[in-house]
Amino acid sequence: RPPRSTLFPYTTLFRSEDVATEKLTLIAMLDEGEHAVLNGDDSVIARAATEADVITFGRDETNNVSFANAALTRVDDAFRRQVKFVFRGGEVDVALANPGRGALAAASAAFGVALSLSAQGHLHLAQKKIKRVLADLPAPGSRMEVIEAAGVVWIDYAYNASPLSMVAALEDASEIAAIQGGRVLAVMGDMLELGALSQDSHRDVIECAHELGIHTLLFGQEFANVDTSAHASIEEL
(Lines give C-alpha, C1' and ligand atoms only; values in the text may rest on other atoms or scores of the structure.)
Protein backbone atom coordinates (compact mmCIF):
# COMPACT_ATOMS: atom_id res chain seq x y z
CA ARG A 1 0.00 0.00 0.00
CA PRO A 2 1.21 3.57 -0.64
CA PRO A 3 2.38 5.80 2.23
CA ARG A 4 -0.38 7.13 4.46
CA SER A 5 0.49 10.75 3.74
CA THR A 6 2.50 12.41 1.00
CA LEU A 7 2.81 16.18 0.73
CA PHE A 8 3.94 18.49 -2.07
CA PRO A 9 4.70 21.87 -0.50
CA TYR A 10 6.72 23.80 -3.06
CA THR A 11 6.58 27.45 -4.10
CA THR A 12 7.66 27.58 -7.73
CA LEU A 13 5.17 30.17 -8.98
CA PHE A 14 5.50 32.89 -6.37
CA ARG A 15 7.97 33.21 -3.52
CA SER A 16 6.17 34.49 -0.45
CA GLU A 17 7.29 34.20 3.17
CA ASP A 18 3.64 34.04 4.26
CA VAL A 19 2.95 31.14 1.89
CA ALA A 20 6.11 29.37 3.07
CA THR A 21 5.08 29.78 6.71
CA GLU A 22 1.71 28.16 6.07
CA LYS A 23 3.35 25.25 4.26
CA LEU A 24 5.76 24.74 7.17
CA THR A 25 2.73 24.41 9.45
CA LEU A 26 1.34 21.62 7.28
CA ILE A 27 4.66 19.78 7.19
CA ALA A 28 5.00 19.97 10.97
CA MET A 29 1.70 18.11 11.33
CA LEU A 30 3.08 14.95 9.71
CA ASP A 31 4.03 12.06 11.99
CA GLU A 32 6.79 9.48 12.02
CA GLY A 33 6.28 6.96 9.22
CA GLU A 34 4.53 9.48 6.97
CA HIS A 35 6.18 11.15 4.00
CA ALA A 36 6.93 14.70 2.90
CA VAL A 37 8.07 15.37 -0.68
CA LEU A 38 9.64 18.83 -0.54
CA ASN A 39 11.27 21.33 -2.87
CA GLY A 40 14.90 21.09 -1.77
CA ASP A 41 15.82 24.19 -3.79
CA ASP A 42 13.65 26.31 -1.48
CA SER A 43 15.87 27.20 1.47
CA VAL A 44 12.90 27.72 3.80
CA ILE A 45 10.88 24.63 2.89
CA ALA A 46 13.94 22.34 2.81
CA ARG A 47 14.64 23.12 6.50
CA ALA A 48 11.14 22.18 7.60
CA ALA A 49 10.93 20.58 11.04
CA THR A 50 9.04 17.30 10.79
CA GLU A 51 9.05 13.76 12.10
CA ALA A 52 8.07 12.46 8.67
CA ASP A 53 10.46 10.88 6.19
CA VAL A 54 11.58 13.68 3.86
CA ILE A 55 12.37 13.33 0.17
CA THR A 56 13.61 16.44 -1.59
CA PHE A 57 13.48 17.33 -5.28
CA GLY A 58 14.82 20.15 -7.42
CA ARG A 59 17.57 21.27 -9.73
CA ASP A 60 20.38 21.00 -7.15
CA GLU A 61 22.09 17.61 -7.44
CA THR A 62 22.14 17.22 -3.63
CA ASN A 63 18.37 16.58 -3.68
CA ASN A 64 17.00 13.05 -3.55
CA VAL A 65 15.55 13.71 -7.01
CA SER A 66 17.29 16.19 -9.29
CA PHE A 67 16.90 17.13 -12.93
CA ALA A 68 19.43 18.22 -15.52
CA ASN A 69 19.89 18.75 -19.26
CA ALA A 70 16.43 20.29 -19.51
CA ALA A 71 16.72 21.24 -23.17
CA LEU A 72 13.76 22.35 -25.26
CA THR A 73 13.51 20.37 -28.50
CA ARG A 74 11.07 19.93 -31.36
CA VAL A 75 9.91 16.36 -31.85
CA ASP A 76 7.27 15.31 -34.40
CA ASP A 77 6.02 18.87 -34.89
CA ALA A 78 5.67 19.44 -31.14
CA PHE A 79 7.86 21.14 -28.57
CA ARG A 80 9.09 18.92 -25.76
CA ARG A 81 11.37 19.39 -22.77
CA GLN A 82 14.04 16.68 -22.79
CA VAL A 83 15.14 16.17 -19.20
CA LYS A 84 17.15 13.68 -17.17
CA PHE A 85 15.86 12.86 -13.69
CA VAL A 86 18.49 11.47 -11.32
CA PHE A 87 17.52 9.73 -8.09
CA ARG A 88 18.55 7.01 -5.71
CA GLY A 89 18.71 3.80 -7.71
CA GLY A 90 19.06 5.25 -11.18
CA GLU A 91 18.17 7.90 -13.69
CA VAL A 92 15.43 8.34 -16.28
CA ASP A 93 15.33 10.36 -19.51
CA VAL A 94 11.90 11.80 -20.33
CA ALA A 95 10.67 13.98 -23.18
CA LEU A 96 8.03 15.99 -21.30
CA ALA A 97 4.93 16.73 -23.35
CA ASN A 98 4.61 19.93 -21.30
CA PRO A 99 7.58 21.99 -22.54
CA GLY A 100 7.29 24.74 -19.93
CA ARG A 101 10.00 25.28 -17.33
CA GLY A 102 7.33 25.26 -14.64
CA ALA A 103 6.64 21.58 -15.36
CA LEU A 104 10.14 20.54 -14.26
CA ALA A 105 9.52 20.93 -10.54
CA ALA A 106 6.17 19.13 -10.71
CA ALA A 107 7.69 16.28 -12.74
CA SER A 108 10.60 15.83 -10.33
CA ALA A 109 8.09 15.85 -7.45
CA ALA A 110 6.33 12.95 -9.18
CA PHE A 111 9.58 10.98 -9.11
CA GLY A 112 9.89 11.95 -5.45
CA VAL A 113 6.61 10.14 -4.85
CA ALA A 114 8.07 7.12 -6.65
CA LEU A 115 10.92 7.16 -4.15
CA SER A 116 8.46 7.31 -1.29
CA LEU A 117 6.94 4.10 -2.65
CA SER A 118 10.30 2.35 -2.98
CA ALA A 119 10.40 1.16 0.62
CA GLN A 120 7.29 -0.90 -0.09
CA GLY A 121 8.62 -2.39 -3.32
CA HIS A 122 6.61 -0.26 -5.73
CA LEU A 123 9.44 1.89 -7.16
CA HIS A 124 9.88 0.13 -10.48
CA LEU A 125 6.17 0.15 -11.25
CA ALA A 126 5.73 3.77 -10.19
CA GLN A 127 8.80 4.90 -12.12
CA LYS A 128 7.62 3.33 -15.38
CA LYS A 129 4.10 4.70 -14.98
CA ILE A 130 5.28 8.24 -14.15
CA LYS A 131 7.61 8.27 -17.16
CA ARG A 132 4.77 7.19 -19.46
CA VAL A 133 2.33 9.72 -18.07
CA LEU A 134 4.77 12.64 -18.22
CA ALA A 135 5.62 11.81 -21.83
CA ASP A 136 1.94 12.04 -22.78
CA LEU A 137 0.60 14.70 -20.40
CA PRO A 138 0.16 18.03 -22.25
CA ALA A 139 0.24 21.43 -20.65
CA PRO A 140 -3.10 22.47 -19.10
CA GLY A 141 -4.99 25.26 -20.80
CA SER A 142 -3.30 28.67 -20.56
CA ARG A 143 -0.23 27.15 -18.85
CA MET A 144 2.46 27.04 -21.54
CA GLU A 145 -0.16 26.03 -24.09
CA VAL A 146 1.48 26.15 -27.53
CA ILE A 147 -0.73 26.79 -30.58
CA GLU A 148 0.66 27.08 -34.10
CA ALA A 149 -1.27 28.81 -36.88
CA ALA A 150 -0.38 30.70 -40.06
CA GLY A 151 3.33 30.43 -39.39
CA VAL A 152 2.99 31.95 -35.92
CA VAL A 153 3.62 30.13 -32.62
CA TRP A 154 1.20 31.38 -29.96
CA ILE A 155 2.12 30.69 -26.33
CA ASP A 156 -0.71 31.04 -23.84
CA TYR A 157 0.76 31.32 -20.34
CA ALA A 158 -1.93 33.52 -18.85
CA TYR A 159 -3.47 31.29 -16.16
CA ASN A 160 -2.93 32.76 -12.69
CA ALA A 161 0.11 34.74 -13.84
CA SER A 162 2.73 35.39 -11.17
CA PRO A 163 6.21 36.98 -11.20
CA LEU A 164 8.05 33.68 -11.63
CA SER A 165 5.61 32.21 -14.16
CA MET A 166 5.83 35.40 -16.26
CA VAL A 167 9.62 35.20 -16.32
CA ALA A 168 9.42 31.50 -17.18
CA ALA A 169 7.03 32.29 -20.04
CA LEU A 170 9.41 34.89 -21.47
CA GLU A 171 12.35 32.49 -21.23
CA ASP A 172 10.35 29.65 -22.82
CA ALA A 173 9.27 31.95 -25.65
CA SER A 174 12.88 32.95 -26.27
CA GLU A 175 13.89 29.29 -26.50
CA ILE A 176 11.13 28.56 -28.99
CA ALA A 177 12.08 31.59 -31.07
CA ALA A 178 15.69 30.38 -31.19
CA ILE A 179 14.54 26.98 -32.46
CA GLN A 180 12.15 28.48 -35.00
CA GLY A 181 14.50 31.23 -36.11
CA GLY A 182 11.90 33.89 -35.30
CA ARG A 183 11.33 36.75 -32.89
CA VAL A 184 9.11 37.19 -29.85
CA LEU A 185 6.28 39.63 -29.26
CA ALA A 186 4.97 39.46 -25.69
CA VAL A 187 1.55 40.83 -24.73
CA MET A 188 1.31 41.08 -20.95
CA GLY A 189 -1.38 42.28 -18.57
CA ASP A 190 -1.25 43.05 -14.87
CA MET A 191 -0.46 40.46 -12.22
CA LEU A 192 -2.97 40.93 -9.43
CA GLU A 193 -3.05 40.52 -5.66
CA LEU A 194 0.68 41.10 -5.12
CA GLY A 195 0.20 43.82 -2.51
CA ALA A 196 3.32 45.74 -1.54
CA LEU A 197 5.41 43.58 -3.90
CA SER A 198 3.44 44.60 -6.98
CA GLN A 199 5.57 47.45 -8.37
CA ASP A 200 8.89 45.63 -7.93
CA SER A 201 7.42 42.44 -9.38
CA HIS A 202 6.12 44.18 -12.50
CA ARG A 203 9.43 46.00 -12.87
CA ASP A 204 11.33 42.69 -12.68
CA VAL A 205 9.19 41.19 -15.46
CA ILE A 206 9.80 44.24 -17.66
CA GLU A 207 13.55 44.02 -17.03
CA CYS A 208 13.53 40.33 -17.96
CA ALA A 209 11.78 41.07 -21.26
CA HIS A 210 14.28 43.83 -22.00
CA GLU A 211 17.29 41.63 -21.22
CA LEU A 212 15.94 38.90 -23.51
CA GLY A 213 15.41 41.42 -26.32
CA ILE A 214 11.67 40.79 -26.44
CA HIS A 215 9.37 43.44 -27.89
CA THR A 216 6.63 43.83 -25.32
CA LEU A 217 3.13 45.33 -25.23
CA LEU A 218 1.84 46.09 -21.73
CA PHE A 219 -1.64 46.89 -20.51
CA GLY A 220 -3.04 47.51 -17.05
CA GLN A 221 -2.52 50.00 -14.25
CA GLU A 222 0.13 47.99 -12.41
CA PHE A 223 2.43 47.95 -15.42
CA ALA A 224 1.60 51.62 -16.05
CA ASN A 225 3.02 52.45 -12.62
CA VAL A 226 6.48 51.31 -13.76
CA ASP A 227 8.71 53.73 -15.67
CA THR A 228 9.56 52.08 -19.02
CA SER A 229 10.96 55.16 -20.77
CA ALA A 230 14.48 53.68 -20.84
CA HIS A 231 13.33 50.64 -22.85
CA ALA A 232 12.38 51.37 -26.46
CA SER A 233 11.14 47.79 -26.95
CA ILE A 234 8.50 48.19 -24.21
CA GLU A 235 5.17 49.76 -25.18
CA GLU A 236 2.19 50.54 -22.96
CA LEU A 237 -1.34 50.22 -24.32
# chains A, B, ... in the order shown; residues from 1 in each chain; ligands from 1
$ residues_around --residues "stretch 71-77 of chain A" --least-positions-apart "5" --cutoff "7 Å" --atoms "only C-alpha atoms" --output "PDB file with N, CA and C atoms, in the first residue's frame"
ATOM      1  N   GLN A  82      13.268  17.894 -23.027  1.00  0.00           N
ATOM      2  CA  GLN A  82      14.041  16.676 -22.793  1.00  0.00           C
ATOM      3  C   GLN A  82      14.827  16.842 -21.502  1.00  0.00           C
ATOM      4  N   VAL A  83      14.550  15.985 -20.524  1.00  0.00           N
ATOM      5  CA  VAL A  83      15.141  16.170 -19.204  1.00  0.00           C
ATOM      6  C   VAL A  83      15.578  14.837 -18.617  1.00  0.00           C
ATOM      7  N   PRO A  99       6.237  21.448 -22.350  1.00  0.00           N
ATOM      8  CA  PRO A  99       7.584  21.993 -22.544  1.00  0.00           C
ATOM      9  C   PRO A  99       7.951  23.139 -21.609  1.00  0.00           C
TER      10      PRO A  99
END
$ select_by_dssp --residues "stretch 7-227 of chain A" --states "strand (DSSP E or B)" --output "MDAnalysis selection string"
chainID A and resid 35:39 53:58 65:75 78:87 90:96 145:149 152:156 185:189 215:219
$ closest_residue --among "A:Gly220, A:Pro163, A:Gly33, A:Gly100" --to "A:Asp200" --atoms "only C-alpha atoms"
A:Pro163
